[in-house]
Protein chains: 2
Amino acid sequence: MAKPLLRVLNGESVWPPPIWLMRQAGRYLPEYRAIRAKAGSFLKLATTPELAAEITLQPVRRFGFDAAILFSDILIVPWALGHGLTFRDGEGPVMPPLRTAADLHALDSARLPAAAAPVYETVRRVSQALRSNHQSTTLIGFAGAPFTVACYMVEGGGSKDFAEVRRLAYTNPTLLAGLISLLTEATVTYLAAQIEAGAETVMLFDSWAGILPPSLFRTYVIQPTRQVITALAARLPACKTIAFPRLSGLMLGEYTATTGAACVGLDTSTDPHAACRLIPPSIALQGNLDPLALAAGGSALQSQTSAILDAMTNRLFIFNLGHGVVPETPPEHVARLVELVRAA
Amino acid sequence: MAKPLLRVLNGESVWPPPIWLMRQAGRYLPEYRAIRAKAGSFLKLATTPELAAEITLQPVRRFGFDAAILFSDILIVPWALGHGLTFRDGEGPVMPPLRTAADLHALDSARLPAAAAPVYETVRRVSQALRSNHQSTTLIGFAGAPFTVACYMVEGGGSKDFAEVRRLAYTNPTLLAGLISLLTEATVTYLAAQIEAGAETVMLFDSWAGILPPSLFRTYVIQPTRQVITALAARLPACKTIAFPRLSGLMLGEYTATTGAACVGLDTSTDPHAACRLIPPSIALQGNLDPLALAAGGSALQSQTSAILDAMTNRLFIFNLGHGVVPETPPEHVARLVELVRAA
């Protein structure tokens with residue numbers, strides 16, 4: 001197996017570590033902005049295979065990253081289940097808030113295969129392009145973790161603290177459990193189809209995992225994540241899962257020990273040394289440069305990058321950010337980062 | 001020493017544990033809303049001793065809490081240093097963003113004693129009222145921790161992720177260090193004056209401690225917190241500090257071991273069992289019921305409260321929330337919580 005990222009996921013140390021970045025395809029790239037200006041809406045981009053595949057490949061061509069991550073959005077699953085979704089510029093996603101059993105029953109799993117078909121087609125196109133031109137680049141499929149997707153659906157979009165989903169957890173746990181269960185099943189179907197279309201590994205983004213108290217974290221974050229990973233492993237044993245429980249804090253150890261993830265993404269605030277002590281060496285780590293250090297460049301970029309590389313020597317490790325690339329990031333800072341990591 | 005909360009801070013186990021709540025004085029109380037409607041602005045309330053003292057005492061009278069916490073705001077310090085501050089309804093605080101050396105030099109420490117005098121007068125009034133009518137209630141003074149105050153000043157108000165302060169940390173560390181140093185000194189002066197006016201312990205709120213990567217967390221959170229606590233202990237040896245590094249995640253152990261806090265506040269997402277393992281038993285813990293479980297009431301309130309009480313038996317412990325009371329909380333749920341804790 002020649003691809004560096006897959007070697008790490010399969011337990012082989014690779015140094016310098018493979019590198020890719022969350023949101024490596026996006027607004028900081030002029031070639032992305034050019035396509036976006038022509039296509040109009042973000043949703044149009046994400047569901048037009050020709051455009052989404054091109055955008056997925058842009059940063060791989062420019063920077064030679066070790067992974068291409070499907071250009072899409074974590075809210076494609078609820079959208080494919082029939083839940084309304086629009087993206088407003090500068091405001092983020094807006095959806096009808098899901099608050100009742102009727103709202104839940106309106107979701108239709110039977111819609112998923114056809115609605116998500118453009119995503120699978122994007123994966124096929126990228127897979128083919130990588131086979132032709134970037135043979136050492138791993139194709140990563142992804143989905144939002146059920147809890148984080150539920151956060152947006154219940155809230156009706158983004159939020160500072162996603163209070164509504166916690167309110168629902170306390171006042172109508174049956175409804176929230178029903179939603180999480182439906183999303184868990186849909187996520188398995190969705191990721192399995194991506195793998196069948198050519199994704200070589202998948203990542204579960206749980207951006208809001210950290211807003212829950214521990215008992216709810218176990219019920220709504222750990223348990224569905226374990227179910228997704230277990231079901232995928234049963235169907236497609238070769239596929240490893242990268243899981244990213246952002247802001248999970250002191251729950252990170254328990255999460256890692258119980259979900260079955262082959263690799264855990266660390267967020268910006270996690271001390272890499274502490275993570276190394278907490279997580280068994282058989283599980284790969286991924287992360288966790290502050291995206292603002294990348295945007296700043298210069299000595300901040302250099303010292304923050306070195307600190308992470310120093311901590312991760314001798315670990316199964318994939319270099320990444322601790323959160324997505326911010327739009328104002330100069331592309332030349334990204335090139336410099338790749339250079340720094342490759343010189344490790 | 002008869003006051004339960006002070007006994008805990010001085011290393012004596014007290015069970016059932018003392019209880020008070022962050023934002024126990026505020027919008028969820030009809031008696032607060034009545035005063036607020038008459039007074040007009042929040043800033044007016046916080047800087048009028050007669051009103052602020054009355055508001056501080058309202059929840060103590062209604063619920064018999066073990067502590068009265070000064071009714072004020074963490075942004076009173078920058079305001080007293082001459083930095084503009086307004087509170088807009090529904091939007092939170094708005095300040096001019098501090099971004100340059102000139103902005104920093106415009107802050108004037110000499111203004112602090114006179115500008116903060118109404119706060120000290122509030123403390124005196126509350127202290128006197130407690131001596132007359134609530135002899136077992138501890139008076140807690142407070143300030144924002146330097147880093148969190150700097151977050152608001154640099155951003156120019158609230159923010160989802162306080163990116164500007166991190167940007168400044170990378171691009172102009174001299175400016176940020178200068179601001180933190182000035183705030184550290186002002187915080188010591190401000191808290192010492194509260195103690196001299198009658199506060200029996202002080203709390204440092206570091207609501208945004210968790211947004212920093214580890215190296216910056218050490219520089220801008222741990223170091224100034226240790227400086228404040230050390231300086232206060234030197235001046236006023238009897239006074240213990242409660243520190244609340246919200247979202248500090250895996251950094252909580254290092255924070256606790258190095259800042260000198262007598263008590264550490266746990267945020268909502270922290271597993272009490274994990275905190276007990278991580279933090280030596282000589283340091284008291286405070287927290288950490290989800291404010292939304294309190295707002296929900298019923299069986300959610302009961303089970304979440306029991307879980308915390310069970311974890312904290314045999315610890316130096318003060319019952320509290322993991323974040324402030326939310327405005328929609330029914331006061332009768334607060335009464336029920338006090339009853340549950342007192343029956344432990």
# chains A, B, ... in the order shown; residues from 1 in each chain; ligands from 1
>>> residues_around(residues="Pro78 of chain B", least_positions_apart="2", cutoff="10 Å", atoms="only C-alpha atoms", output="count of residues only")
21
>>> closest_atom_pairs(of="chain B", to="chain A", cutoff="8 Å", atoms="only C-alpha atoms", output="Markdown table")
| residue | atom | partner | partner_atom | distance |
| --- | --- | --- | --- | --- |
| B:Lys160 | CA | A:Lys160 | CA | 5.8 |
| B:Ala163 | CA | A:Leu292 | CA | 7.4 |
| B:Arg166 | CA | A:Leu292 | CA | 6.8 |
| B:Arg167 | CA | A:Leu292 | CA | 6.0 |
| B:Tyr170 | CA | A:Ala300 | CA | 5.5 |
| B:Thr171 | CA | A:Ala296 | CA | 6.2 |
| B:Gly210 | CA | A:Ser269 | CA | 6.5 |
| B:Ile211 | CA | A:Ser269 | CA | 6.1 |
| B:Leu212 | CA | A:Ser269 | CA | 5.3 |
| B:Pro213 | CA | A:Ser269 | CA | 4.1 |
| B:Pro214 | CA | A:Asp271 | CA | 5.3 |
| B:Leu247 | CA | A:Gly249 | CA | 7.4 |
| B:Ser248 | CA | A:Gly249 | CA | 7.3 |
| B:Gly249 | CA | A:Gly249 | CA | 3.7 |
| B:Leu250 | CA | A:Gly249 | CA | 5.4 |
| B:Met251 | CA | A:Asp271 | CA | 7.2 |
| B:Thr268 | CA | A:Pro213 | CA | 5.4 |
| B:Ser269 | CA | A:Pro213 | CA | 4.1 |
| B:Thr270 | CA | A:Leu250 | CA | 6.5 |
| B:Asp271 | CA | A:Pro214 | CA | 5.3 |
| B:Ala274 | CA | A:Leu250 | CA | 6.9 |
| B:Asp290 | CA | A:Pro213 | CA | 6.9 |
| B:Leu292 | CA | A:Arg167 | CA | 6.0 |
| B:Ala293 | CA | A:Tyr170 | CA | 6.2 |
| B:Ala296 | CA | A:Thr171 | CA | 6.2 |
| B:Ala300 | CA | A:Tyr170 | CA | 5.5 |
>>> atom_distance(atom1="atom CA of Arg7 of chain A", atom2="atom CA of Ile242 of chain A")
13.4 Å
>>> residues_around(residues="Gln227 of chain B", least_positions_apart="2", cutoff="9 Å", atoms="only C-alpha atoms", output="ChimeraX atom specification")
/B:184-185,188,222-225,229-232,259
>>> select_by_dssp(residues="segment 58-117 of chain B", states="strand (DSSP E)", output="ChimeraX atom specification")
/B:67-69,86-88,92-94
>>> closest_residue(among="B:Arg33, B:Arg124, B:Arg61, B:Arg99", to="Pro49 of chain B", atoms="only C-alpha atoms")
B:Arg124
>>> select_by_dssp(residues="segment 11-100 of chain A", states="helix (DSSP H, G or I)", output="ChimeraX atom specification")
/A:30-39,42-46,49-63,76-80
>>> write_last_selection(atoms="N, CA, C and O atoms", output="CSV table (one decimal), in the first residue's frame")
chain,number,residue,atom,x,y,z
A,30,PRO,N,-8.1,31.4,-5.2
A,30,PRO,CA,-8.7,32.2,-6.3
A,30,PRO,C,-9.4,31.3,-7.3
A,30,PRO,O,-10.5,31.7,-7.9
A,31,GLU,N,-8.9,30.1,-7.6
A,31,GLU,CA,-9.5,29.2,-8.5
A,31,GLU,C,-10.9,28.7,-8.0
A,31,GLU,O,-11.7,28.4,-8.8
A,32,TYR,N,-11.0,28.6,-6.7
A,32,TYR,CA,-12.3,28.3,-6.2
A,32,TYR,C,-13.3,29.4,-6.4
A,32,TYR,O,-14.4,29.3,-6.8
A,33,ARG,N,-12.8,30.6,-6.0
A,33,ARG,CA,-13.7,31.8,-6.1
A,33,ARG,C,-14.2,32.0,-7.6
A,33,ARG,O,-15.3,32.4,-7.8
A,34,ALA,N,-13.3,31.7,-8.5
A,34,ALA,CA,-13.7,31.8,-10.0
A,34,ALA,C,-14.9,30.9,-10.3
A,34,ALA,O,-15.9,31.3,-10.9
A,35,ILE,N,-14.8,29.6,-9.9
A,35,ILE,CA,-15.9,28.7,-10.1
A,35,ILE,C,-17.1,29.1,-9.4
A,35,ILE,O,-18.3,29.1,-9.9
A,36,ARG,N,-17.0,29.5,-8.1
A,36,ARG,CA,-18.1,29.9,-7.3
A,36,ARG,C,-18.9,31.0,-7.9
A,36,ARG,O,-20.1,31.0,-7.9
A,37,ALA,N,-18.1,32.0,-8.5
A,37,ALA,CA,-18.8,33.2,-9.1
A,37,ALA,C,-19.6,32.8,-10.2
A,37,ALA,O,-20.7,33.4,-10.4
A,38,LYS,N,-19.2,31.8,-11.0
A,38,LYS,CA,-20.0,31.3,-12.1
A,38,LYS,C,-21.2,30.5,-11.7
A,38,LYS,O,-22.3,30.6,-12.3
A,39,ALA,N,-21.0,29.6,-10.7
A,39,ALA,CA,-22.0,28.6,-10.4
A,39,ALA,C,-23.2,29.2,-9.6
A,39,ALA,O,-24.3,28.7,-9.7
A,42,PHE,N,-23.8,27.8,-3.3
A,42,PHE,CA,-22.9,26.8,-2.7
A,42,PHE,C,-23.5,25.4,-2.9
A,42,PHE,O,-22.8,24.4,-3.3
A,43,LEU,N,-24.8,25.3,-2.7
A,43,LEU,CA,-25.5,24.0,-2.9
A,43,LEU,C,-25.4,23.5,-4.3
A,43,LEU,O,-25.2,22.3,-4.6
A,44,LYS,N,-25.5,24.4,-5.3
A,44,LYS,CA,-25.3,24.1,-6.7
A,44,LYS,C,-23.9,23.5,-6.9
A,44,LYS,O,-23.8,22.4,-7.5
A,45,LEU,N,-22.9,24.1,-6.3
A,45,LEU,CA,-21.5,23.6,-6.4
A,45,LEU,C,-21.4,22.2,-5.9
A,45,LEU,O,-20.8,21.3,-6.5
A,46,ALA,N,-22.0,22.0,-4.7
A,46,ALA,CA,-21.8,20.8,-3.9
A,46,ALA,C,-22.5,19.6,-4.6
A,46,ALA,O,-22.2,18.4,-4.4
A,49,PRO,N,-21.5,17.3,-10.0
A,49,PRO,CA,-20.3,16.5,-9.9
A,49,PRO,C,-19.1,17.1,-10.6
A,49,PRO,O,-18.0,17.1,-10.1
A,50,GLU,N,-19.4,17.7,-11.8
A,50,GLU,CA,-18.3,18.2,-12.5
A,50,GLU,C,-17.6,19.3,-11.7
A,50,GLU,O,-16.3,19.4,-11.7
A,51,LEU,N,-18.4,20.2,-11.2
A,51,LEU,CA,-17.8,21.4,-10.4
A,51,LEU,C,-17.2,20.9,-9.1
A,51,LEU,O,-16.1,21.3,-8.7
A,52,ALA,N,-18.0,20.0,-8.4
A,52,ALA,CA,-17.5,19.6,-7.0
A,52,ALA,C,-16.2,18.8,-7.2
A,52,ALA,O,-15.3,18.9,-6.4
A,53,ALA,N,-16.1,18.0,-8.3
A,53,ALA,CA,-14.8,17.2,-8.5
A,53,ALA,C,-13.7,18.1,-8.8
A,53,ALA,O,-12.6,18.0,-8.2
A,54,GLU,N,-13.9,19.1,-9.6
A,54,GLU,CA,-12.9,20.1,-9.9
A,54,GLU,C,-12.4,20.8,-8.7
A,54,GLU,O,-11.2,21.0,-8.4
A,55,ILE,N,-13.3,21.3,-7.9
A,55,ILE,CA,-13.0,22.0,-6.6
A,55,ILE,C,-12.2,21.1,-5.7
A,55,ILE,O,-11.3,21.5,-5.0
A,56,THR,N,-12.6,19.8,-5.6
A,56,THR,CA,-11.9,18.9,-4.7
A,56,THR,C,-10.5,18.7,-5.1
A,56,THR,O,-9.6,18.6,-4.3
A,57,LEU,N,-10.2,18.8,-6.5
A,57,LEU,CA,-8.9,18.6,-7.0
A,57,LEU,C,-8.0,19.8,-6.9
A,57,LEU,O,-6.8,19.7,-6.9
A,58,GLN,N,-8.6,21.0,-6.9
A,58,GLN,CA,-7.8,22.2,-7.0
A,58,GLN,C,-6.6,22.3,-6.0
A,58,GLN,O,-5.5,22.5,-6.3
A,59,PRO,N,-6.9,22.1,-4.7
A,59,PRO,CA,-5.8,22.2,-3.7
A,59,PRO,C,-4.8,21.0,-3.8
A,59,PRO,O,-3.6,21.2,-3.5
A,60,VAL,N,-5.2,19.9,-4.3
A,60,VAL,CA,-4.3,18.8,-4.5
A,60,VAL,C,-3.3,19.1,-5.6
A,60,VAL,O,-2.1,18.9,-5.5
A,61,ARG,N,-3.8,19.7,-6.7
A,61,ARG,CA,-2.9,20.2,-7.8
A,61,ARG,C,-2.0,21.3,-7.3
A,61,ARG,O,-0.8,21.3,-7.6
A,62,ARG,N,-2.5,22.2,-6.6
A,62,ARG,CA,-1.7,23.4,-6.2
A,62,ARG,C,-0.6,23.1,-5.2
A,62,ARG,O,0.5,23.6,-5.2
A,63,PHE,N,-1.0,22.2,-4.2
A,63,PHE,CA,-0.1,22.0,-3.0
A,63,PHE,C,0.4,20.6,-2.9
A,63,PHE,O,1.3,20.4,-2.1
A,76,ILE,N,-25.6,18.0,3.7
A,76,ILE,CA,-26.2,17.3,2.5
A,76,ILE,C,-27.1,16.1,2.9
A,76,ILE,O,-28.1,15.8,2.3
A,77,VAL,N,-26.7,15.4,4.0
A,77,VAL,CA,-27.6,14.3,4.4
A,77,VAL,C,-29.0,14.7,4.8
A,77,VAL,O,-30.0,14.2,4.2
A,78,PRO,N,-29.2,15.7,5.7
A,78,PRO,CA,-30.6,16.1,5.9
A,78,PRO,C,-31.3,16.7,4.7
A,78,PRO,O,-32.4,16.4,4.5
A,79,TRP,N,-30.5,17.4,3.9
A,79,TRP,CA,-31.1,17.9,2.6
A,79,TRP,C,-31.6,16.7,1.8
A,79,TRP,O,-32.7,16.8,1.2
A,80,ALA,N,-30.7,15.7,1.7
A,80,ALA,CA,-31.1,14.5,0.9
A,80,ALA,C,-32.3,13.7,1.5
A,80,ALA,O,-33.0,13.0,0.8
>>> residues_around(residues="Gln194 of chain A", least_positions_apart="2", cutoff="10 Å", atoms="only C-alpha atoms", output="count of residues only")
25
>>> atom_distance(atom1="atom CA of Tyr255 of chain B", atom2="atom CA of Glu12 of chain B")
22.5 Å
>>> closest_residue(among="B:Thr47, B:Ser306, B:Ser282, B:Asn320", to="Gly265 of chain B", atoms="only C-alpha atoms")
B:Asn320
>>> closest_residue(among="A:Pro146, A:Gly324, A:Gly156, A:Pro97", to="Trp20 of chain A", atoms="only C-alpha atoms")
A:Gly324
>>> closest_residue(among="B:Leu104, B:Pro327, B:Leu5, B:Ala257", to="Gly90 of chain B", atoms="only C-alpha atoms")
B:Pro327
>>> closest_residue(among="A:Ala284, A:Ala115, A:Ala2, A:Ala344", to="Thr305 of chain A", atoms="only C-alpha atoms")
A:Ala344
>>> closest_residue(among="B:Gly144, B:Gly157, B:Pro237, B:Gly178", to="Phe87 of chain B", atoms="only C-alpha atoms")
B:Gly157
